[in-house]
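So this block is my_file.txt, compact mmCIF, C-alpha atoms:
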# COMPACT_ATOMS: atom_id res chain seq x y z
CA MET A 1 61.06 71.81 -12.22
CA ASN A 2 61.17 70.67 -8.59
CA ASN A 3 58.60 67.91 -9.02
CA SER A 4 60.08 66.62 -12.27
CA LYS A 5 59.58 62.89 -12.63
CA VAL A 6 61.10 60.13 -14.72
CA ILE A 7 58.20 58.87 -16.82
CA LEU A 8 58.19 55.83 -19.11
CA ILE A 9 55.44 55.71 -21.73
CA THR A 10 54.77 52.91 -24.22
CA GLY A 11 53.15 53.26 -27.63
CA CYS A 12 54.26 56.82 -28.41
CA SER A 13 54.30 56.77 -32.21
CA SER A 14 50.71 58.03 -32.36
CA GLY A 15 47.51 58.74 -30.43
CA PHE A 16 47.34 59.22 -26.69
CA GLY A 17 50.94 58.13 -26.17
CA LEU A 18 52.34 60.73 -28.58
CA ILE A 19 50.36 63.65 -27.16
CA THR A 20 50.91 62.61 -23.54
CA ALA A 21 54.67 62.25 -24.03
CA ALA A 22 54.96 65.69 -25.63
CA ARG A 23 52.76 67.35 -23.01
CA LEU A 24 54.58 65.84 -20.03
CA ALA A 25 57.97 66.72 -21.54
CA LYS A 26 56.82 70.32 -21.97
CA SER A 27 55.78 70.31 -18.30
CA GLY A 28 59.38 69.60 -17.35
CA HIS A 29 59.30 65.86 -16.76
CA ARG A 30 62.03 63.54 -18.00
CA VAL A 31 60.03 61.50 -20.48
CA ILE A 32 61.17 58.23 -22.04
CA ALA A 33 58.86 57.80 -25.03
CA THR A 34 58.99 54.29 -26.44
CA MET A 35 57.62 52.64 -29.55
CA ARG A 36 57.99 49.32 -31.31
CA ASP A 37 59.49 50.85 -34.45
CA THR A 38 61.52 54.03 -33.92
CA SER A 39 61.48 54.73 -37.67
CA LYS A 40 57.93 55.94 -36.98
CA LYS A 41 59.07 58.68 -34.59
CA SER A 42 58.63 61.60 -37.02
CA ALA A 43 55.13 62.53 -35.80
CA LEU A 44 56.31 62.57 -32.19
CA LEU A 45 59.40 64.62 -33.03
CA SER A 46 57.22 67.11 -34.91
CA GLU A 47 54.91 67.49 -31.90
CA VAL A 48 57.87 67.86 -29.54
CA GLN A 49 59.44 70.51 -31.78
CA LYS A 50 56.14 72.38 -31.98
CA ARG A 51 56.04 72.53 -28.19
CA ASP A 52 59.71 73.54 -27.98
CA THR A 53 60.70 70.73 -25.63
CA LYS A 54 62.68 67.50 -25.69
CA LEU A 55 62.40 63.89 -24.60
CA ASP A 56 64.17 60.54 -24.88
CA ILE A 57 63.00 58.07 -27.53
CA LYS A 58 63.79 54.39 -27.11
CA PRO A 59 62.68 51.23 -28.96
CA LEU A 60 60.39 48.95 -26.99
CA ASP A 61 58.12 46.21 -28.30
CA VAL A 62 55.80 45.27 -25.44
CA THR A 63 55.27 41.78 -26.90
CA ASP A 64 59.01 41.02 -27.00
CA LYS A 65 60.52 40.37 -23.57
CA ASP A 66 64.07 40.85 -24.85
CA SER A 67 63.08 44.26 -26.23
CA VAL A 68 61.39 45.16 -22.94
CA ASN A 69 64.37 44.09 -20.84
CA ALA A 70 66.80 45.96 -23.10
CA ALA A 71 64.77 49.16 -22.77
CA ILE A 72 64.50 48.86 -18.99
CA GLN A 73 68.24 48.16 -18.71
CA SER A 74 68.95 51.27 -20.77
CA ILE A 75 66.64 53.33 -18.54
CA SER A 76 68.33 51.94 -15.44
CA GLU A 77 71.72 53.00 -16.75
CA ASP A 78 70.58 56.45 -17.93
CA TYR A 79 68.19 57.42 -15.11
CA GLY A 80 68.52 54.89 -12.29
CA TYR A 81 64.81 54.73 -11.53
CA ILE A 82 61.27 55.22 -12.84
CA ASP A 83 58.66 57.36 -11.07
CA VAL A 84 55.73 56.81 -13.41
CA LEU A 85 54.94 54.04 -15.89
CA ILE A 86 52.20 54.71 -18.44
CA ASN A 87 51.17 51.52 -20.22
CA ASN A 88 49.60 53.00 -23.34
CA ALA A 89 50.62 50.67 -26.18
CA GLY A 90 47.65 48.83 -27.58
CA CYS A 91 45.95 47.50 -30.67
CA GLY A 92 42.42 46.66 -31.70
CA ILE A 93 40.67 44.34 -34.08
CA GLY A 94 37.13 44.22 -35.39
CA GLY A 95 35.19 41.15 -36.39
CA ALA A 96 32.75 38.54 -35.22
CA PHE A 97 34.20 35.73 -33.11
CA GLU A 98 33.61 33.16 -35.85
CA ASP A 99 35.40 35.39 -38.37
CA LEU A 100 38.46 35.85 -36.16
CA ALA A 101 41.40 33.50 -36.47
CA ASP A 102 42.92 32.19 -33.25
CA GLU A 103 46.19 34.01 -33.92
CA GLU A 104 44.33 37.31 -34.39
CA ILE A 105 42.74 37.06 -30.96
CA ARG A 106 46.03 36.06 -29.38
CA GLN A 107 47.84 39.02 -30.94
CA VAL A 108 45.40 41.47 -29.34
CA MET A 109 45.87 39.76 -25.98
CA GLU A 110 49.66 39.73 -26.42
CA THR A 111 49.72 43.51 -26.88
CA ASN A 112 46.89 44.80 -24.68
CA PHE A 113 47.26 42.40 -21.77
CA PHE A 114 50.48 40.38 -21.74
CA GLY A 115 52.38 43.38 -23.13
CA VAL A 116 51.30 45.44 -20.13
CA GLN A 117 52.42 42.65 -17.83
CA ASN A 118 55.79 42.35 -19.59
CA VAL A 119 56.62 46.04 -19.16
CA THR A 120 55.19 46.30 -15.65
CA ARG A 121 57.12 43.27 -14.40
CA ALA A 122 60.37 44.70 -15.74
CA ALA A 123 59.71 48.25 -14.49
CA ILE A 124 58.63 47.54 -10.90
CA PRO A 125 62.19 46.88 -9.60
CA LEU A 126 63.12 50.42 -10.76
CA MET A 127 60.09 51.84 -8.92
CA ARG A 128 59.93 49.88 -5.68
CA PRO A 129 63.01 51.44 -3.95
CA ARG A 130 61.53 54.93 -4.43
CA LYS A 131 58.51 54.04 -2.24
CA ASN A 132 56.46 56.47 -4.28
CA GLY A 133 55.28 55.93 -7.83
CA LYS A 134 52.38 55.41 -10.18
CA ILE A 135 51.52 52.84 -12.82
CA ILE A 136 48.84 54.21 -15.13
CA ASN A 137 47.24 51.65 -17.42
CA ILE A 138 45.34 53.03 -20.40
CA SER A 139 42.25 50.88 -20.61
CA SER A 140 38.99 51.84 -22.33
CA ILE A 141 35.32 52.21 -21.63
CA SER A 142 35.26 48.97 -23.63
CA GLY A 143 36.73 47.36 -20.53
CA LEU A 144 33.40 47.98 -18.77
CA TYR A 145 30.83 47.03 -21.39
CA ALA A 146 30.97 44.99 -24.58
CA LEU A 147 29.96 45.56 -28.19
CA PRO A 148 29.39 43.12 -31.04
CA MET A 149 32.36 42.68 -33.39
CA PHE A 150 34.80 43.86 -30.70
CA GLY A 151 34.91 40.73 -28.56
CA ALA A 152 38.69 40.26 -28.77
CA TYR A 153 39.37 43.89 -27.88
CA ASN A 154 36.77 43.85 -25.10
CA ALA A 155 38.30 40.69 -23.64
CA SER A 156 41.79 42.21 -23.60
CA LYS A 157 40.60 45.33 -21.79
CA TRP A 158 38.46 43.38 -19.32
CA ALA A 159 41.55 41.29 -18.52
CA LEU A 160 43.58 44.47 -18.06
CA GLU A 161 40.97 45.83 -15.65
CA GLY A 162 41.10 42.73 -13.48
CA PHE A 163 44.88 42.54 -13.50
CA SER A 164 45.19 46.23 -12.56
CA GLU A 165 42.79 45.88 -9.65
CA SER A 166 44.71 42.94 -8.23
CA LEU A 167 48.08 44.61 -8.76
CA ARG A 168 46.86 47.73 -6.96
CA TYR A 169 46.44 45.76 -3.74
CA GLU A 170 49.84 44.12 -4.09
CA LEU A 171 51.87 47.26 -4.75
CA GLN A 172 50.22 49.58 -2.21
CA PHE A 173 52.65 48.32 0.43
CA PHE A 174 55.56 49.65 -1.66
CA GLY A 175 54.03 53.08 -2.19
CA ILE A 176 53.18 52.37 -5.82
CA ASP A 177 49.70 53.41 -6.95
CA VAL A 178 48.05 51.54 -9.84
CA LEU A 179 45.47 53.50 -11.84
CA LEU A 180 43.16 52.86 -14.79
CA VAL A 181 42.19 55.47 -17.39
CA GLU A 182 39.08 54.53 -19.40
CA PRO A 183 38.53 56.84 -22.39
CA GLY A 184 35.50 56.71 -24.66
CA ARG A 185 35.64 57.26 -28.44
CA TYR A 186 38.53 59.32 -29.76
CA LYS A 187 39.95 59.67 -33.26
CA THR A 188 43.20 57.79 -32.77
CA GLU A 189 45.19 55.67 -35.20
CA ILE A 190 43.57 52.54 -33.78
CA PHE A 191 40.63 53.42 -36.05
CA LYS A 192 42.79 54.59 -38.98
CA LYS A 193 46.29 53.38 -39.92
CA ASN A 194 46.32 50.86 -37.08
CA LEU A 195 42.87 49.50 -37.86
CA HIS A 196 42.81 45.70 -38.07
CA LEU A 197 39.88 43.63 -39.22
CA ALA A 198 39.26 39.92 -38.91
CA LYS A 199 40.61 37.82 -41.74
CA ASN A 200 37.05 36.91 -42.75
CA HIS A 201 35.50 40.31 -42.01
CA ASP A 202 34.77 40.97 -45.69
CA ASN A 203 33.98 37.39 -46.60
CA LYS A 204 30.49 37.51 -48.12
CA ASN A 205 30.04 33.83 -47.29
CA SER A 206 30.37 34.53 -43.58
CA PRO A 207 27.08 34.23 -41.66
CA HIS A 208 28.08 37.49 -39.94
CA TYR A 209 28.84 39.48 -43.10
CA GLU A 210 25.78 41.79 -43.04
CA LEU A 211 26.15 42.51 -39.34
CA SER A 212 29.88 43.17 -39.54
CA GLN A 213 29.41 45.63 -42.41
CA HIS A 214 26.62 47.37 -40.49
CA ILE A 215 28.74 47.79 -37.37
CA ARG A 216 31.74 48.99 -39.37
CA LYS A 217 29.60 51.64 -41.08
CA LEU A 218 28.09 52.68 -37.74
CA VAL A 219 31.51 53.06 -36.11
CA THR A 220 32.79 55.11 -39.07
CA GLU A 221 29.78 57.43 -38.90
CA ARG A 222 30.13 57.97 -35.17
CA LEU A 223 33.83 58.69 -35.43
CA LYS A 224 33.10 61.41 -37.99
CA ASP A 225 30.90 63.05 -35.37
CA CYS A 226 33.57 62.73 -32.69
CA HIS A 227 35.24 66.09 -32.05
CA LYS A 228 37.00 65.32 -28.79
CA ASP A 229 40.65 66.35 -28.49
CA ASN A 230 43.31 63.76 -27.59
CA GLU A 231 44.93 66.51 -25.54
CA ASP A 232 42.11 66.08 -23.02
CA VAL A 233 43.34 62.57 -22.26
CA ALA A 234 46.93 63.79 -21.89
CA GLU A 235 45.78 66.54 -19.53
CA HIS A 236 43.78 64.00 -17.51
CA ILE A 237 46.84 61.75 -17.18
CA GLU A 238 48.97 64.69 -16.09
CA LYS A 239 46.49 65.52 -13.33
CA LEU A 240 46.57 61.90 -12.11
CA ILE A 241 50.36 62.02 -11.94
CA HIS A 242 50.28 65.01 -9.60
CA ALA A 243 47.18 64.02 -7.59
CA LYS A 244 47.79 62.88 -4.00
CA ASN A 245 44.81 60.52 -3.84
CA PRO A 246 43.70 59.85 -7.43
CA PRO A 247 40.75 57.55 -8.14
CA PHE A 248 41.57 54.00 -9.19
CA ARG A 249 39.29 54.21 -12.24
CA SER A 250 38.74 57.49 -14.07
CA GLN A 251 37.28 58.64 -17.38
CA PRO A 252 38.60 61.72 -19.20
CA ASP A 253 35.43 62.42 -21.20
CA ILE A 254 31.71 62.83 -20.55
CA GLU A 255 30.72 60.05 -22.94
CA ALA A 256 32.70 57.49 -20.98
CA LYS A 257 31.32 58.78 -17.68
CA VAL A 258 27.73 58.49 -18.94
CA PHE A 259 28.23 54.93 -20.19
CA LEU A 260 29.85 53.92 -16.92
CA LEU A 261 27.01 55.41 -14.90
CA ALA A 262 24.40 53.66 -17.07
CA ARG A 263 26.27 50.35 -16.78
CA LYS A 264 26.36 50.70 -13.00
CA ILE A 265 22.78 51.71 -12.24
CA LEU A 266 20.77 49.94 -14.95
CA PRO A 267 19.89 46.24 -14.79
CA PHE A 268 21.79 44.42 -17.53
CA ARG A 269 18.58 43.52 -19.36
CA LEU A 270 17.60 47.18 -19.64
CA PHE A 271 21.13 48.32 -20.51
CA SER A 272 21.31 45.64 -23.20
CA PHE A 273 17.88 46.61 -24.56
CA ILE A 274 18.93 50.25 -24.95
CA LEU A 275 22.22 49.29 -26.56
CA ASN A 276 20.44 46.97 -28.99
CA LYS A 277 18.10 49.79 -30.00
CA LYS A 278 21.01 52.15 -30.65
CA LEU A 279 23.09 49.63 -32.57
CA PHE A 280 20.52 47.81 -34.64
CA LYS A 281 17.63 50.19 -35.30
CA ARG A 282 18.72 50.45 -38.97
CA PHE A 283 19.99 46.91 -39.36
CA LYS A 284 18.13 44.53 -41.61
CA LYS A 285 19.35 41.01 -42.21
Show me the file's structure as structure tokens.
Amino acid sequence: MNNSKVILITGCSSGFGLITAARLAKSGHRVIATMRDTSKKSALLSEVQKRDTKLDIKPLDVTDKDSVNAAIQSISEDYGYIDVLINNAGCGIGGAFEDLADEEIRQVMETNFFGVQNVTRAAIPLMRPRKNGKIINISSISGLYALPMFGAYNASKWALEGFSESLRYELQFFGIDVLLVEPGRYKTEIFKKNLHLAKNHDNKNSPHYELSQHIRKLVTERLKDCHKDNEDVAEHIEKLIHAKNPPFRSQPDIEAKVFLLARKILPFRLFSFILNKKLFKRFKK
């Protein structure tokens, strides 16, 4: 493949990272798929085998600078450079602010925000000499509007949005494009095996207990009705990689596009009123 690129992806044990890594490898790119725990690589290997392709799997914990530096050093020795960095690794947590422990909030920020910075800082020196590259940060529509019980996750994605926008200006002079992908709801492991709830989420003595249970039930119901394919996000990312002038912010699904449009054109009071109606029409305290 003449336009084959060296692509580093974080968080490839499941979800968007897994599918994107397999898809890009099948397209002929040299993919370095990383994950915190490589003992969890079986799902990725199965997907890669199904597509009759191959890729490189390396350990990388985005919250551990030594792990990040070791991975980047290994990539430098094996490939010499990076064309595309896809910061996909992330985690979520549900719970009211008062039910969340300080360390729970910090862990989300360590992964979703500082983890992106750790990998990006280490990877840029392998990208800058090429004068042509892309850093694609997987954000969320939750980085553009907030929901109750997701304050920690919202905060991490809002921080990622701001950081990415600033970094875009800084790296444009080196030919490196910084992009944000903002998906809506998808059935990924962040809502299943990787689901984390506040320590006091199920504490019946919490003043937020009824509300937290209502929101959890609502999210579960809406996920059951979600039939979007994770492959759509992988395809969207692939198009961004090959695009000459890709948009800074982009959404791979209609739901995310609609929410973004509503957030942009509606006064906050009206947007909030509509959201309240949708979230709490069946809630009784």
Asp102 of chain A proximity check over A:Gly133, A:Glu161, A:Lys277, A:Ala152, using all atoms listed in the file: winner is A:Ala152
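For the residues A:Ile9, A:Ile215, A:Ala123, A:Ile93, ranking by smallest atom-to-atom distance to Lys278 of chain A using only C-alpha atoms places A:Ile215 first.
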Residue contacts of Arg128 of chain A (8 Å, all atoms listed in the file) excluding same-chain residues fewer than 4 positions away, as a CSV table (one decimal) with C-alpha atoms, in the frame of the given file:
chain,number,residue,atom,x,y,z
A,124,ILE,CA,58.6,47.5,-10.9
A,132,ASN,CA,56.5,56.5,-4.3
A,133,GLY,CA,55.3,55.9,-7.8
A,174,PHE,CA,55.6,49.6,-1.7
A,175,GLY,CA,54.0,53.1,-2.2
A,176,ILE,CA,53.2,52.4,-5.8
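Comparing A:Leu8, A:Ile138, A:Ser27, A:Thr34 by their smallest distance to Tyr79 of chain A, the closest is A:Leu8 (using all atoms listed in the file).
Computed from the coordinates, the atom CA of Phe150 of chain A to atom CA of Thr10 of chain A distance equals 22.9 Å.
Close contacts of Thr20 of chain A, defined as residues with an atom at most 8 Å away when counting only C-alpha atoms, with chain neighbours fewer than 5 positions off set aside, comprise A:Glu231, A:Val233, A:Ala234, A:Glu235, A:Ile237, A:Glu238.
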Which one of A:Gly92, A:Gly115, A:Gly143, A:Gly80 sits closest to Arg130 of chain A if you count only C-alpha atoms?
A:Gly80
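Closest approach to Ser42 of chain A among A:Ala21, A:Gly28, A:Leu85, A:Ser13: A:Ser13, based on only C-alpha atoms.
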Compute the distance from (39.9, 59.1, -21.7) to each atom, counting only C-alpha atoms, keep the residues with any atom at most 9 Å away, and return them as a list in words; use the coordinates of the file.
Phe16, Ile138, Ser139, Ser140, Ile141, Val181, Glu182, Pro183, Gly184, Arg185, Tyr186, Asn230, Asp232, Val233, Ala234, His236, Ile237, Ser250, Gln251, Pro252, Asp253 and Ala256 of chain A
List the neighbours of segment 52-57 of chain A out to 7 Å using only C-alpha atoms; skip same-chain residues closer than 5 positions along the sequence, and give me the result as a PDB file with C-alpha atoms, in the coordinates of the input.
ATOM      1  CA  ALA A  25      57.970  66.720 -21.540  1.00  0.00           C
ATOM      2  CA  LYS A  26      56.820  70.320 -21.970  1.00  0.00           C
ATOM      3  CA  ARG A  30      62.030  63.540 -18.000  1.00  0.00           C
ATOM      4  CA  VAL A  31      60.030  61.500 -20.480  1.00  0.00           C
ATOM      5  CA  ILE A  32      61.170  58.230 -22.040  1.00  0.00           C
ATOM      6  CA  ALA A  33      58.860  57.800 -25.030  1.00  0.00           C
ATOM      7  CA  THR A  34      58.990  54.290 -26.440  1.00  0.00           C
TER       8      THR A  34
END
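In terms of minimum interatomic distance to Met149 of chain A, A:Asp99 ranks closest within A:Asp177, A:Glu104, A:Asp99, A:Glu165, counting only C-alpha atoms.
Atom pair atom CA of Phe173 of chain A / atom CA of Val116 of chain A: separated by 20.8 Å.
Reported to one decimal place, the separation of atom CA of Leu44 of chain A from atom CA of Cys12 of chain A is 7.2 Å.
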Could you write segment 86-106 of chain A as a short mmCIF file (atom, residue, chain, number, x, y, z; two decimals), in the frame of the given file, with N, CA and C atoms rebuilt where they are missing?
data_model
loop_
_atom_site.label_atom_id
_atom_site.label_comp_id
_atom_site.auth_asym_id
_atom_site.auth_seq_id
_atom_site.Cartn_x
_atom_site.Cartn_y
_atom_site.Cartn_z
N ILE A 86 53.48 54.59 -17.75
CA ILE A 86 52.20 54.71 -18.44
C ILE A 86 52.13 53.65 -19.52
N ASN A 87 51.35 52.61 -19.26
CA ASN A 87 51.17 51.52 -20.22
C ASN A 87 50.09 51.92 -21.22
N ASN A 88 50.53 52.47 -22.34
CA ASN A 88 49.60 53.00 -23.34
C ASN A 88 49.53 52.15 -24.60
N ALA A 89 50.59 51.43 -24.93
CA ALA A 89 50.62 50.67 -26.18
C ALA A 89 49.44 49.72 -26.27
N GLY A 90 48.81 49.70 -27.42
CA GLY A 90 47.65 48.83 -27.58
C GLY A 90 47.28 48.67 -29.05
N CYS A 91 46.44 47.70 -29.32
CA CYS A 91 45.95 47.50 -30.67
C CYS A 91 44.51 47.01 -30.59
N GLY A 92 43.80 47.12 -31.67
CA GLY A 92 42.42 46.66 -31.70
C GLY A 92 42.15 45.85 -32.94
N ILE A 93 41.08 45.10 -32.91
CA ILE A 93 40.67 44.34 -34.08
C ILE A 93 39.15 44.23 -34.08
N GLY A 94 38.57 44.34 -35.26
CA GLY A 94 37.13 44.22 -35.39
C GLY A 94 36.74 42.95 -36.13
N GLY A 95 35.66 42.35 -35.71
CA GLY A 95 35.19 41.15 -36.39
C GLY A 95 34.44 40.23 -35.45
N ALA A 96 33.50 39.51 -36.01
CA ALA A 96 32.75 38.54 -35.22
C ALA A 96 33.67 37.41 -34.77
N PHE A 97 33.35 36.80 -33.65
CA PHE A 97 34.20 35.73 -33.11
C PHE A 97 34.46 34.65 -34.14
N GLU A 98 33.44 34.23 -34.87
CA GLU A 98 33.61 33.16 -35.85
C GLU A 98 34.46 33.59 -37.05
N ASP A 99 34.57 34.90 -37.26
CA ASP A 99 35.40 35.39 -38.37
C ASP A 99 36.84 35.62 -37.97
N LEU A 100 37.11 35.62 -36.67
CA LEU A 100 38.46 35.85 -36.16
C LEU A 100 39.26 34.56 -36.12
N ALA A 101 40.49 34.63 -36.60
CA ALA A 101 41.40 33.50 -36.47
C ALA A 101 41.98 33.49 -35.07
N ASP A 102 42.36 32.33 -34.59
CA ASP A 102 42.92 32.19 -33.25
C ASP A 102 44.11 33.11 -33.05
N GLU A 103 44.99 33.19 -34.06
CA GLU A 103 46.19 34.01 -33.92
C GLU A 103 45.85 35.50 -33.85
N GLU A 104 44.74 35.91 -34.45
CA GLU A 104 44.33 37.31 -34.39
C GLU A 104 43.89 37.70 -32.97
N ILE A 105 43.17 36.81 -32.34
CA ILE A 105 42.74 37.06 -30.96
C ILE A 105 43.94 37.08 -30.03
N ARG A 106 44.85 36.13 -30.24
CA ARG A 106 46.03 36.06 -29.38
C ARG A 106 46.92 37.28 -29.53
#
